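Quick notes on the structure that follows.
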Amino acid sequence: MTPQPNPQAGAAVKAADRAHVFHSWSAQELIDPLAVAGAEGSYFWDYDGKRYLDFTSGLVFTNIGYQHPKVVAAIQEQAATLSTFAPAFAVEARSEAARLIAERTPGDLDKIFFTNGGAEAVENATRMARLHTGRPKVLSAYRSYHGATSTAINLTGDPRRWPNDIGAAGVVHFWAPFLYRSPFHSDSERQECERALQHLEDTIAFEGPATVAAVVLETVPGTAGIMTPPPGYLAGVREICDRYGIVFVLDEVMAGFGRTGKWFAADHYDVTPDLLTFAKGVNSGYVPLGGVAISGAIAETFARRPYPGGLTYSGHPLACAAAVATINVMEEEDVVGQAARTGENVIGPALRELAERHPSIGEVRGTGMFWALELVRNRETREPLVPYNASGEANAPMAAFAAAAKAHGLWPFVNMNRTHVVPPCNISEAEAKEGLAALDEALSVADEHTV
């Protein structure tokens with residue numbers, strides 16, 4: 001689709017937004033949202049006709065890109081047939097979405113509880129774990145994000161938790177492995193894995209194993225930095241949880257449905273959790289949908305005991321129809337395989353080549369369509385390009401980098417001192433190379449702030 005400039009319409013959209021829309025995570029008078037006129041595939045555009053290649057996939061959810069015609073048609077067909085229905089009934093779109101998801105989740109995660117998004121999925125997974133075990137505490141990692149509902153934000157390990165923290169929420173944080181900025185002073189992946197597992201076991205011991213209901217981890221942390229776990233870590237967490245009767249929850253809200261080059265990131269590590277949360281890529285974000293995939297043992301807990309949770313729009317027919325169409329498209333077009341191949345053959349090698357030329361790149365890490373560049377002021381000291389949780393003038397180097405990327409037609413994912421490369425999983429090789437060329441230009445601006 002060729003963008004048609006219409007500045008007057010754009011000004012009206014912007015005026016209505018500024019007058020009435022209250023934006024998340026923002027000081028309302030300090031933001032200037034871009035008015036978006038349309039989107040297709042890997043691109044979106046504004047009302048001036050400027051087109052951007054989206055290296056953010058929205059918020060890492062448009063795994064099959066924008067406006068895929070088969071998914072749009074499925075939503076339209078479902079709206080004409082049965083646009084909505086209460087969750088207590090068996091509805092074809094809901095049943096089929098659950099079946100297709102269960103077929104792809106690891107192990108015996110065969111029961112699907114639908115939510116409206118990822119935060120509610122984490123909220124309900126935590127509730128299930130506490131009810132299943134009869135224990136109050138839940139452990140989660142620093143450098144994590146699990147959502148903005150009450151329990152999910154307490155589980156989160158980044159600064160968005162701070163103003164929302166409830167000290168009595170029963171959440172205990174621990175350090176997960178991250179060799180580049182190791183909290184354990186490790187000098188190898190093996191050492192980092194061993195020390196991280198010992199730290200987790202020590203934390204459980206001092207909290208009291210009989211008080212811990214669950215360990216909640218992002219299989220591959222997303223917003224916090226795309227730190228792929230070292231070999232053996234997730235298997236080690238599984239073993240610790242089994243030994244103490246603790247529920248193991250993997251949060252795949254961002255990493256699931258092809259993002260890492262597998263249907264679920266857990267497939268890379270041959271690990272099956274007791275509960276797995278999902279959202280985002282399940283239907284490419286076309287209609288809000290999330291959920292919890294539940295093991296047989298936990299499902300049995302609620303076989304004759306009512307589960308005390310639910311949502312009015314659980315398994316909404318439009319959202320589930322979008323999920324059915326999305327999963328079928330991913331199968332038909334081998335989107336998961338494409339994500340793996342493009343990551344291995346195009347994105348990964350190109351990012352490593354950029355790291356050889358740009359002193360601002362401290363580390364490249366990722367897999368599939370899930371990559372992060374750690375930007376630094378000094379490679380030797382690994383000092384971040386901007387301080388932790390920087391804002392205002394302190395964040396100027398990252399703001400300048402982001403502005404340069406946008407000027408070259410690339411919409412970047414920027415968080416703290418990192419830029420993430422997370423385009424749609426079905427991005428073409430030509431589009432990927434186009435984005436990488438723009439990223440190359442923008443990194444020259446980041447280089448200006450190195451020492």
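Simple scheme: letters A, B, ... for chains in structure tokens order, numbers from 1 for residues in each chain, numbers from 1 for ligands in the order shown.
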Taking the chain letters and numbering used in this document, name the residues of segment 95-282 of chain A that DSSP puts in helix (DSSP H, G or I), as an mmCIF file with C-alpha atoms, in the first residue's frame.
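Contents of the output file part.cif:
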```cif
data_model
loop_
_atom_site.group_PDB
_atom_site.id
_atom_site.type_symbol
_atom_site.label_atom_id
_atom_site.label_comp_id
_atom_site.auth_asym_id
_atom_site.auth_seq_id
_atom_site.Cartn_x
_atom_site.Cartn_y
_atom_site.Cartn_z
ATOM 1 C CA SER A 95 -12.335 -24.629 21.273
ATOM 2 C CA GLU A 96 -10.247 -24.643 18.095
ATOM 3 C CA ALA A 97 -7.844 -21.974 19.385
ATOM 4 C CA ALA A 98 -7.318 -23.981 22.585
ATOM 5 C CA ARG A 99 -6.697 -27.153 20.596
ATOM 6 C CA LEU A 100 -4.154 -25.538 18.286
ATOM 7 C CA ILE A 101 -2.294 -23.919 21.185
ATOM 8 C CA ALA A 102 -2.259 -27.130 23.235
ATOM 9 C CA GLU A 103 -0.834 -29.040 20.264
ATOM 10 C CA ARG A 104 2.179 -26.711 20.256
ATOM 11 C CA GLY A 118 -0.183 -11.244 29.181
ATOM 12 C CA ALA A 119 -0.455 -9.523 32.540
ATOM 13 C CA GLU A 120 -3.743 -11.301 33.304
ATOM 14 C CA ALA A 121 -2.139 -14.569 32.228
ATOM 15 C CA VAL A 122 0.663 -14.092 34.758
ATOM 16 C CA GLU A 123 -1.860 -12.996 37.386
ATOM 17 C CA ASN A 124 -3.875 -16.169 36.954
ATOM 18 C CA ALA A 125 -0.857 -18.467 36.689
ATOM 19 C CA THR A 126 0.335 -17.137 40.032
ATOM 20 C CA ARG A 127 -3.094 -17.659 41.562
ATOM 21 C CA MET A 128 -3.214 -21.225 40.252
ATOM 22 C CA ALA A 129 0.216 -21.974 41.713
ATOM 23 C CA ARG A 130 -0.707 -20.613 45.130
ATOM 24 C CA LEU A 131 -3.986 -22.536 45.209
ATOM 25 C CA HIS A 132 -2.360 -25.730 43.939
ATOM 26 C CA THR A 133 0.392 -25.673 46.576
ATOM 27 C CA SER A 150 -1.294 -6.039 40.750
ATOM 28 C CA THR A 151 0.588 -9.322 41.136
ATOM 29 C CA ALA A 152 2.287 -9.131 37.736
ATOM 30 C CA ILE A 153 3.845 -5.735 38.467
ATOM 31 C CA ASN A 154 5.079 -6.992 41.844
ATOM 32 C CA LEU A 155 6.709 -9.923 40.053
ATOM 33 C CA PRO A 159 11.850 0.110 37.688
ATOM 34 C CA ARG A 160 8.227 0.095 36.600
ATOM 35 C CA ARG A 161 7.594 -1.970 39.727
ATOM 36 C CA TRP A 162 8.896 0.669 42.143
ATOM 37 C CA PRO A 163 5.883 3.038 42.291
ATOM 38 C CA ASN A 164 3.497 0.063 42.296
ATOM 39 C CA LEU A 179 27.070 -13.209 32.116
ATOM 40 C CA TYR A 180 27.751 -9.809 30.514
ATOM 41 C CA ARG A 181 26.743 -8.070 33.752
ATOM 42 C CA GLU A 189 28.614 -19.454 30.997
ATOM 43 C CA ARG A 190 29.088 -22.675 32.927
ATOM 44 C CA GLN A 191 30.164 -20.785 36.044
ATOM 45 C CA GLU A 192 27.313 -18.301 35.663
ATOM 46 C CA CYS A 193 24.821 -21.158 35.392
ATOM 47 C CA GLU A 194 26.174 -22.979 38.442
ATOM 48 C CA ARG A 195 26.315 -19.851 40.598
ATOM 49 C CA ALA A 196 22.868 -18.652 39.518
ATOM 50 C CA LEU A 197 21.327 -22.012 40.396
ATOM 51 C CA GLN A 198 23.075 -22.032 43.776
ATOM 52 C CA HIS A 199 21.830 -18.499 44.428
ATOM 53 C CA LEU A 200 18.258 -19.539 43.622
ATOM 54 C CA GLU A 201 18.497 -22.587 45.864
ATOM 55 C CA ASP A 202 19.958 -20.462 48.681
ATOM 56 C CA THR A 203 17.124 -17.955 48.274
ATOM 57 C CA ILE A 204 14.543 -20.728 48.536
ATOM 58 C CA ALA A 205 16.314 -22.147 51.603
ATOM 59 C CA PHE A 206 16.292 -18.823 53.441
ATOM 60 C CA GLU A 207 12.704 -18.025 52.453
ATOM 61 C CA PRO A 209 10.839 -24.035 50.806
ATOM 62 C CA ALA A 210 7.471 -24.871 52.338
ATOM 63 C CA THR A 211 6.371 -21.239 51.862
ATOM 64 C CA TYR A 233 19.995 -23.227 33.695
ATOM 65 C CA LEU A 234 16.308 -23.820 33.000
ATOM 66 C CA ALA A 235 16.754 -27.562 33.459
ATOM 67 C CA GLY A 236 18.406 -26.786 36.791
ATOM 68 C CA VAL A 237 15.489 -24.585 37.852
ATOM 69 C CA ARG A 238 13.110 -27.389 36.871
ATOM 70 C CA GLU A 239 15.042 -29.817 39.082
ATOM 71 C CA ILE A 240 15.052 -27.434 42.059
ATOM 72 C CA CYS A 241 11.311 -26.840 41.718
ATOM 73 C CA ASP A 242 10.625 -30.570 41.541
ATOM 74 C CA ARG A 243 12.749 -31.218 44.626
ATOM 75 C CA TYR A 244 10.820 -28.720 46.762
ATOM 76 C CA ALA A 265 11.372 -20.609 23.658
ATOM 77 C CA ALA A 266 11.175 -23.541 26.096
ATOM 78 C CA ASP A 267 11.636 -25.810 23.069
ATOM 79 C CA HIS A 268 15.247 -24.597 22.798
ATOM 80 C CA LYS A 280 1.035 -11.149 21.956
ATOM 81 C CA GLY A 281 2.123 -13.425 19.079
ATOM 82 C CA VAL A 282 -0.705 -15.929 19.615
#
```
If you take only C-alpha atoms and a cut-off of 7 Å, which residues of segment 231-309 of chain A touch segment 317-322 of chain A, and what are their nearest atom pairs and distances in Å to one decimal, in chain and number order, as a tab-separated table?
```
residue	atom	partner	partner_atom	distance
A:Asn283	CA	A:Ala322	CA	5.4
A:Tyr286	CA	A:Ala322	CA	6.8
A:Val287	CA	A:Ala319	CA	4.8
A:Pro288	CA	A:Ala319	CA	6.2
A:Leu289	CA	A:Ala319	CA	5.9
```
- Who sits within 7 Å of Pro87 of chain A, only C-alpha atoms, same chain under 4 positions skipped, as a ChimeraX atom specification: /A:312-315
Closest pair table for segment 87-133 of chain A residues within 12 Å of segment 76-79 of chain A, only C-alpha atoms, as JSON lines:
```
{"residue": "A:Val91", "atom": "CA", "partner": "A:Gln78", "partner_atom": "CA", "distance": 11.2}
{"residue": "A:Glu92", "atom": "CA", "partner": "A:Gln78", "partner_atom": "CA", "distance": 10.1}
{"residue": "A:Ala93", "atom": "CA", "partner": "A:Gln78", "partner_atom": "CA", "distance": 8.2}
{"residue": "A:Arg94", "atom": "CA", "partner": "A:Gln78", "partner_atom": "CA", "distance": 11.2}
```
- Task: Name the closest residue to Thr115 of chain A among the candidates A:Val292, A:Ile361, A:Ala9, A:Ile246; distances are taken between atoms, counting only C-alpha atoms.
- Result: A:Val292
- Among listed residues A:Thr450, A:Asn415, A:Thr326, A:Thr156, nearest Tyr66 of chain A (using only C-alpha atoms): A:Thr326
- Query: Quick one: of A:Asn345, A:Thr381, A:Thr419, A:Asn426, who's nearest to Val364 of chain A, counting only C-alpha atoms?
  - Reply: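 Going through A:Asn345, A:Thr381, A:Thr419, A:Asn426 one by one, the smallest distance to Val364 of chain A is for A:Thr419.
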- Query: Just asking: which residues within segment 246-438 of chain A are strand (DSSP E) according to DSSP, as a ChimeraX atom specification?
  - Reply: /A:247-251,275-278,290-294,361-367,370-378,383-384,410-411,413-415,418-421
- Residue nearest His146 of chain A among A:Val21, A:Ala279, A:Ala303, A:Ala402 (counting only C-alpha atoms):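 Under the stated criterion, the closest residue is A:Ala279.
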- Using only C-alpha atoms, pick whichever of A:Ala15, A:Ala214, A:Ala80, A:Cys425 has the shortest atom-to-atom distance to Asp334 of chain A. A:Cys425
- The residue from A:Asp32, A:Phe413, A:Asp270, A:Thr149 with the smallest atom-to-atom distance to Ile166 of chain A, counting only C-alpha atoms, is A:Thr149
